[in-house]
Amino acid sequence: MHGRPDPTALVNFLSGGGRMGAFIRTYDWSATPLGQPSHWSQTLKTLVSVMLGSSQPMFIAWGPERILLYNEAYSEILAQKHPAALGQPFLDVWDEIRDDLIPIVEQAYAGEPVHMDDITLFMMRRGFREEAHFAFSYTPIRDETGAVAGILCPCIETTAQVMAERRQAAEKERQQRLFEQAPGFITILTGPDHVFEFVNQAYIRLFGDRGYVGRSVRDVFPELEGQGFFEWLDQVYETGQRFVANHVPARLQASTGAPAKELFLDFIYEPVIDGTGIIGIFCEGHDVTETHIAQQALAREKERLEILNRIGSQLASELDLDTLVQTATDAGVALTGAQFGAFFYNVVNQQGESYMLYSLSGVPREAFSRFPMPRNTAVFHPTFAGEGVIRSDDILKDPRYGQNDPHYGMPKGHLPVRSYLAVPVMSRSGEVLGALFFGHERPGMFTDEHENLLIGIAGQAAVAIDNARLFQASQHELAERRRAEQALRSLNDTLEAQVAARTADRDRMWRLSTDVMLVAGFDGTITATNPAWTTLLGWREEELLDSNFFDLVHPDDLESTRAEAGNLSQGLTTLRFDNRYRHKDGSYRWLSWIAVPDVDLIHAVGRDVTAEKQQAETLRQTEEALRQAQKMEAVGQLTGGIAHDFNNLLTGIVGSLDLMQTRIAQGRTEAVERYAKAAMSSAQRAAALTHRLLAFARRQPLAPKTVDTNKLVVSMEDLLRRTLGEAIQMEFVTAGDLWLTRCDPHQLESAILNLAINARDAMPGGGKLTIETCNTHLDRAYATLHPGVRPGQYVCVAVTDTGTGMPPDVIERAFDPFFTTKPLGQGTGLGLSMIYGFAQQSEGHARIYSEVDQGTTVKIYLPRFNGVVEEEAETAGLADAPRSEAGETVLVVEDEPVVRDLIVDVLKDLGYQALEAVDGPSGLKMLQSPRRIDLLVTDVGLPGMNGRQLADQAREHRPDLKVLFITGYAENAAVASGFLEQGMEMITKPFAVEALAIRIREMIER
């Protein structure tokens, strides 16, 4: 400024423009090349009037010196350069980017307009160099002579938008890298038509490369129509509820002209939500086809074993031929899945007559009503001749069978057959007793396994038939010794056959079991394994024989496994022993063993318990999270009591000092010394408590206010730079349109400062500290993994350093009180615990992300507040507090003498009649008297009878008694637990005496 402005310069064209207009009007333009505004050209006057009336950032550079004029909006772009920039040469103001601006300014002064949608500049506006982005137009302005006299530039700063887009692109790239590395298939769909935005390599490997991105699910997978997938996607997009599926079949067309394939999938459809609602669906899943098939096969094998056991028992005890052949036929149909089966048996009655006995399963007898005797056909003859098992996968292509339409060589009226299986039923002596026949209208329905099963059934049926025949013969010829001896021998033969059958069953279980079976020496040498080793661990039998099973055991389990083998060698049985065995692909699976010693061998059965172990680990982690929450709750309970004592002392200090100020202002100094001594006494006692946990106790009273987090973070810049020093590079990344939150701003500032100091200590050689704000949403999945977190919208403050980082075990304990990795005497271990407690008490959340040698990020999540920023109210002094005008009486019950005397003095100063009591019983005696008492002021934490008990008993005599509680605990905790009733209020220590006076007046007048 250079003296007072010329009054004649205050002309009409400079009216308006807010603070900037007023500043231009009072500016001494005579000291600039432009001179007084009244002498400016009409063109410049018009431009300045337009600029001041605009809400868009705008500036003018005028004359050969390119003198700078600008409006209110542009002053915010100038930041700390304003107001010194007004009236100065434009290129001098922006000296640090002069080289970038000169070509643009020269082009405009040459008469050629310049427009840029985005220009990147590195500017000094706030005391440090920062990257900035602008969109602007430089318009040449000509004077009355037609020469370019200056330029007009409307501009918009786009820095926040560019930075947000940059972070969004980086985050998207990071997520895609993670998704690409995921073992399961992942895709992201957008919009109600479910258009592919992203698929990972696992997705392409499983479903083929179909050119997904940009196409809808219905377009890419038309064969899924009617299988439910499209409907599930529509449901998730409409309702916002996730969909979880397990072992769902999906029939897909592998490629054009190729046969369809069926997969079984586990997957989840998760809605993707932003501030506008649902925008897409995230899908993640796994191919469980092999697991599903294995489970189905296991179920079938279990069913078959049950059938075999039941049929074996029935055939061994059955003596009636009709029931016997029907039982064998039903068993064959159940085991093979045939559409129908028949058992033909040649019967000789007592008169020596031969006839054919047969049974059916799966079809009525009418289907065979015109069927001739089986021995008379070429189809049945090989079986009755004992030539062995006959099987045809398709009799239409088998030269052994006729192919006459319509029933492929069968008599007209018989069932159609494509798959055919026949097994002779032969006695031990080689006699063909009959035969089992099975058919199906589809080809390829019978397998080698079916043959083996039916041979076993046929053998059991033969033994049973022999038994039945012997039994029948014994009923008619008991007198004939020869027949009896023959029957005895047959019974012995039956026992041998049963033993053989049971041996066959045992061998079958060895082959079909899904559990691994092992026979080995005590030194670990393997002598036998079952096929499950290949299915479960990938090792073939020939690879395992004569090898040592200790070589497959995980190194960490080797010692315990050798010890268990030693126990077996001593004759002890292993009922359960868990260890890890190496899969052929190098991974390990958990097996649970049952083993018994037998002479020099170990017989063992191992069950796969990998899934159970993983579930147990998940449970352990959940229990650890619960223990952590319980630990922090216990610490909160401990420190709450200390906070109560400390706040009592603070009340004495603050109140005494307030009264000292009031007395001095009134010129009354006779009591100042007494108040000073009381304050000093309380302060000395408070100093002895400061080390007792209050800094991190989650019961401390907060003073929540509506907080603009961006404004708070930026306001701390100078403090942080002075604290951290020059070796630490700082960056602030504040989100545009950041939501408001409601918390104690001083506690939030303390938390950020603590994190910055921790970051500085983690970067002893220097580094970079980034403080970032953003809006975020924590969904139900995140809340499930982090107990105590409520799903919803949060404001996030993230503090990131490039320091030494933390290993996982340190991260787990970082929020524990007193835990620190710093040398003795260099850290209390309370900083992070205090931050955790502040976040929890503010109904938010705190989380640490760190990697060793990579740095650390601590995020504080605070709930979104949908209100508006509160205006700061001016604090009134005690002299301005409302006074008693009717001689009201207030009873003060407080066991702390300093606090009690303070409150009584305040009441007397304000004209109240003040009564005082040191504890509950003496206060209750006054309340039970007929004296006038308009208000009871009592401490909650009185010894013996506490404040609430005193109020309850007093209201028995004075039902309408008004009660003001004083407490050193958090007021919101007491109110939330239903502590206050009608006519009761609470004020927390420490409090200002004027606040106490206002609350007392309000309660008495109410």
# chains A, B, ... in the order shown; residues from 1 in each chain; ligands from 1
>>> residues_around(residues="Thr804 of chain A", least_positions_apart="5", cutoff="10 Å", atoms="only C-alpha atoms", output="JSON, numbers by chain")
{"A": [759, 761, 762, 763, 764, 850, 851, 852, 853, 854, 855, 856]}
>>> residues_around(residues="segment 243-250 of chain A", least_positions_apart="3", cutoff="8 Å", atoms="only C-alpha atoms", output="PyMOL selection string")
chain A and resi 224+227+232+236+262-270+288-289+292
>>> write_last_selection(atoms="N, CA and C atoms", output="mmCIF file, in the first residue's frame")
data_model
loop_
_atom_site.group_PDB
_atom_site.id
_atom_site.type_symbol
_atom_site.label_atom_id
_atom_site.label_comp_id
_atom_site.auth_asym_id
_atom_site.auth_seq_id
_atom_site.Cartn_x
_atom_site.Cartn_y
_atom_site.Cartn_z
ATOM 1 N N LEU A 224 -26.743 -70.995 -20.726
ATOM 2 C CA LEU A 224 -27.133 -70.990 -19.308
ATOM 3 C C LEU A 224 -28.597 -70.606 -19.102
ATOM 4 N N GLN A 227 -31.088 -72.222 -16.413
ATOM 5 C CA GLN A 227 -30.346 -72.899 -15.351
ATOM 6 C C GLN A 227 -30.296 -72.079 -14.056
ATOM 7 N N TRP A 232 -30.546 -65.365 -10.695
ATOM 8 C CA TRP A 232 -29.833 -65.027 -9.459
ATOM 9 C C TRP A 232 -29.130 -63.685 -9.599
ATOM 10 N N VAL A 236 -29.822 -60.306 -7.238
ATOM 11 C CA VAL A 236 -28.798 -59.580 -6.473
ATOM 12 C C VAL A 236 -28.785 -58.109 -6.860
ATOM 13 N N GLU A 262 -20.500 -80.520 -18.095
ATOM 14 C CA GLU A 262 -21.165 -80.123 -16.852
ATOM 15 C C GLU A 262 -20.115 -79.877 -15.778
ATOM 16 N N LEU A 263 -20.182 -78.700 -15.183
ATOM 17 C CA LEU A 263 -19.302 -78.345 -14.071
ATOM 18 C C LEU A 263 -20.135 -78.165 -12.820
ATOM 19 N N PHE A 264 -19.496 -78.329 -11.678
ATOM 20 C CA PHE A 264 -20.130 -78.028 -10.399
ATOM 21 C C PHE A 264 -19.318 -76.904 -9.755
ATOM 22 N N LEU A 265 -20.023 -75.850 -9.335
ATOM 23 C CA LEU A 265 -19.357 -74.621 -8.910
ATOM 24 C C LEU A 265 -19.786 -74.199 -7.512
ATOM 25 N N ASP A 266 -18.813 -73.673 -6.751
ATOM 26 C CA ASP A 266 -19.080 -72.895 -5.532
ATOM 27 C C ASP A 266 -18.812 -71.433 -5.892
ATOM 28 N N PHE A 267 -19.761 -70.522 -5.647
ATOM 29 C CA PHE A 267 -19.507 -69.122 -5.985
ATOM 30 C C PHE A 267 -20.365 -68.206 -5.133
ATOM 31 N N ILE A 268 -20.012 -66.901 -5.195
ATOM 32 C CA ILE A 268 -20.758 -65.861 -4.485
ATOM 33 C C ILE A 268 -20.969 -64.691 -5.428
ATOM 34 N N TYR A 269 -22.190 -64.169 -5.442
ATOM 35 C CA TYR A 269 -22.507 -62.927 -6.143
ATOM 36 C C TYR A 269 -22.622 -61.826 -5.090
ATOM 37 N N GLU A 270 -21.716 -60.849 -5.122
ATOM 38 C CA GLU A 270 -21.692 -59.751 -4.138
ATOM 39 C C GLU A 270 -22.021 -58.446 -4.845
ATOM 40 N N VAL A 288 -15.580 -77.003 -8.275
ATOM 41 C CA VAL A 288 -15.570 -78.111 -7.319
ATOM 42 C C VAL A 288 -16.087 -79.379 -7.976
ATOM 43 N N THR A 289 -15.912 -79.442 -9.315
ATOM 44 C CA THR A 289 -16.443 -80.604 -10.036
ATOM 45 C C THR A 289 -15.836 -81.898 -9.521
ATOM 46 N N HIS A 292 -17.144 -82.728 -6.141
ATOM 47 C CA HIS A 292 -18.539 -83.171 -6.218
ATOM 48 C C HIS A 292 -18.630 -84.609 -6.719
#
>>> residues_around(residues="Gly439 of chain A", least_positions_apart="2", cutoff="8 Å", atoms="only C-alpha atoms", output="list in words")
Ala338, Gln339, Phe340, Gly341, Val417, Arg418, Ser419, Tyr420, Leu421, Phe437 and Glu441 of chain A
>>> atom_distance(atom1="atom CA of Val899 of chain A", atom2="atom CA of His957 of chain A")
27.1 Å
>>> select_by_dssp(residues="segment 750-858 of chain A", states="strand (DSSP E or B)", output="mmCIF file with N, CA and C atoms, in the first residue's frame")
data_model
loop_
_atom_site.group_PDB
_atom_site.id
_atom_site.type_symbol
_atom_site.label_atom_id
_atom_site.label_comp_id
_atom_site.auth_asym_id
_atom_site.auth_seq_id
_atom_site.Cartn_x
_atom_site.Cartn_y
_atom_site.Cartn_z
ATOM 1 N N GLY A 767 12.187 -40.140 4.920
ATOM 2 C CA GLY A 767 11.226 -40.865 4.108
ATOM 3 C C GLY A 767 10.054 -39.964 3.776
ATOM 4 N N LYS A 768 8.936 -40.587 3.437
ATOM 5 C CA LYS A 768 7.753 -39.840 3.006
ATOM 6 C C LYS A 768 6.582 -40.199 3.898
ATOM 7 N N LEU A 769 5.852 -39.170 4.337
ATOM 8 C CA LEU A 769 4.636 -39.354 5.134
ATOM 9 C C LEU A 769 3.464 -38.805 4.331
ATOM 10 N N THR A 770 2.446 -39.627 4.140
ATOM 11 C CA THR A 770 1.255 -39.227 3.389
ATOM 12 C C THR A 770 0.047 -39.284 4.308
ATOM 13 N N ILE A 771 -0.683 -38.190 4.369
ATOM 14 C CA ILE A 771 -1.941 -38.145 5.136
ATOM 15 C C ILE A 771 -3.062 -37.961 4.122
ATOM 16 N N GLU A 772 -3.984 -38.922 4.122
ATOM 17 C CA GLU A 772 -5.006 -38.974 3.080
ATOM 18 C C GLU A 772 -6.385 -39.093 3.711
ATOM 19 N N THR A 773 -7.366 -38.449 3.103
ATOM 20 C CA THR A 773 -8.762 -38.576 3.540
ATOM 21 C C THR A 773 -9.591 -39.105 2.387
ATOM 22 N N CYS A 774 -10.630 -39.846 2.719
ATOM 23 C CA CYS A 774 -11.515 -40.367 1.683
ATOM 24 C C CYS A 774 -12.831 -40.807 2.304
ATOM 25 N N ASN A 775 -13.845 -40.940 1.453
ATOM 26 C CA ASN A 775 -15.113 -41.558 1.845
ATOM 27 C C ASN A 775 -15.028 -43.048 1.559
ATOM 28 N N THR A 776 -15.592 -43.874 2.433
ATOM 29 C CA THR A 776 -15.540 -45.320 2.207
ATOM 30 C C THR A 776 -16.774 -45.980 2.790
ATOM 31 N N HIS A 777 -16.999 -47.210 2.399
ATOM 32 C CA HIS A 777 -18.137 -47.993 2.882
ATOM 33 C C HIS A 777 -17.628 -49.341 3.366
ATOM 34 N N LEU A 778 -17.913 -49.681 4.612
ATOM 35 C CA LEU A 778 -17.548 -50.978 5.174
ATOM 36 C C LEU A 778 -18.782 -51.877 5.113
ATOM 37 N N GLY A 792 -21.581 -49.711 7.166
ATOM 38 C CA GLY A 792 -22.096 -48.381 6.879
ATOM 39 C C GLY A 792 -21.058 -47.491 6.226
ATOM 40 N N GLN A 793 -21.369 -46.178 6.168
ATOM 41 C CA GLN A 793 -20.506 -45.202 5.522
ATOM 42 C C GLN A 793 -19.586 -44.551 6.554
ATOM 43 N N TYR A 794 -18.323 -44.390 6.181
ATOM 44 C CA TYR A 794 -17.320 -43.853 7.098
ATOM 45 C C TYR A 794 -16.440 -42.835 6.374
ATOM 46 N N VAL A 795 -15.924 -41.894 7.165
ATOM 47 C CA VAL A 795 -14.834 -41.016 6.712
ATOM 48 C C VAL A 795 -13.529 -41.653 7.185
ATOM 49 N N CYS A 796 -12.592 -41.813 6.272
ATOM 50 C CA CYS A 796 -11.337 -42.499 6.587
ATOM 51 C C CYS A 796 -10.171 -41.512 6.552
ATOM 52 N N VAL A 797 -9.361 -41.549 7.617
ATOM 53 C CA VAL A 797 -8.096 -40.799 7.659
ATOM 54 C C VAL A 797 -6.973 -41.832 7.664
ATOM 55 N N ALA A 798 -6.131 -41.798 6.647
ATOM 56 C CA ALA A 798 -5.055 -42.781 6.515
ATOM 57 C C ALA A 798 -3.704 -42.071 6.621
ATOM 58 N N VAL A 799 -2.846 -42.584 7.502
ATOM 59 C CA VAL A 799 -1.496 -42.046 7.676
ATOM 60 C C VAL A 799 -0.507 -43.133 7.230
ATOM 61 N N THR A 800 0.270 -42.845 6.185
ATOM 62 C CA THR A 800 1.143 -43.843 5.560
ATOM 63 C C THR A 800 2.589 -43.361 5.589
ATOM 64 N N ASP A 801 3.489 -44.275 5.998
ATOM 65 C CA ASP A 801 4.915 -43.944 5.966
ATOM 66 C C ASP A 801 5.655 -44.966 5.112
ATOM 67 N N HIS A 845 -13.586 -47.234 13.966
ATOM 68 C CA HIS A 845 -12.756 -48.428 13.813
ATOM 69 C C HIS A 845 -11.340 -47.974 13.453
ATOM 70 N N ALA A 846 -10.353 -48.742 13.883
ATOM 71 C CA ALA A 846 -8.956 -48.472 13.520
ATOM 72 C C ALA A 846 -8.325 -49.756 12.994
ATOM 73 N N ARG A 847 -7.441 -49.632 12.005
ATOM 74 C CA ARG A 847 -6.862 -50.813 11.349
ATOM 75 C C ARG A 847 -5.436 -50.497 10.915
ATOM 76 N N ILE A 848 -4.543 -51.496 11.045
ATOM 77 C CA ILE A 848 -3.135 -51.337 10.656
ATOM 78 C C ILE A 848 -2.845 -52.252 9.467
ATOM 79 N N TYR A 849 -2.182 -51.686 8.436
ATOM 80 C CA TYR A 849 -1.698 -52.455 7.295
ATOM 81 C C TYR A 849 -0.184 -52.191 7.199
ATOM 82 N N SER A 850 0.611 -53.262 7.207
ATOM 83 C CA SER A 850 2.060 -53.054 7.209
ATOM 84 C C SER A 850 2.782 -54.254 6.641
ATOM 85 N N GLU A 851 3.940 -53.993 6.027
ATOM 86 C CA GLU A 851 4.850 -55.033 5.575
ATOM 87 C C GLU A 851 6.263 -54.604 5.965
ATOM 88 N N GLY A 855 6.816 -50.266 4.775
ATOM 89 C CA GLY A 855 6.081 -49.145 5.334
ATOM 90 C C GLY A 855 4.810 -49.587 6.046
ATOM 91 N N THR A 856 4.099 -48.612 6.592
ATOM 92 C CA THR A 856 2.915 -48.872 7.403
ATOM 93 C C THR A 856 1.835 -47.856 7.067
ATOM 94 N N THR A 857 0.587 -48.333 7.047
ATOM 95 C CA THR A 857 -0.582 -47.459 6.932
ATOM 96 C C THR A 857 -1.510 -47.738 8.108
ATOM 97 N N VAL A 858 -1.878 -46.688 8.835
ATOM 98 C CA VAL A 858 -2.880 -46.794 9.896
ATOM 99 C C VAL A 858 -4.099 -46.010 9.444
#
>>> residues_around(residues="segment 204-213 of chain A", least_positions_apart="3", cutoff="12 Å", atoms="only C-alpha atoms", output="PyMOL selection string")
chain A and resi 180+183-190+194-201+216-222+250-256+260-265+285-289
>>> closest_residue(among="A:Leu454, A:Leu980, A:Leu552, A:Ile119", to="Phe343 of chain A", atoms="only C-alpha atoms")
A:Leu454
>>> residues_around(residues="segment 530-539 of chain A", least_positions_apart="2", cutoff="10 Å", atoms="only C-alpha atoms", output="PyMOL selection string")
chain A and resi 294+507+509-519+528+541-544+581-589+605-608
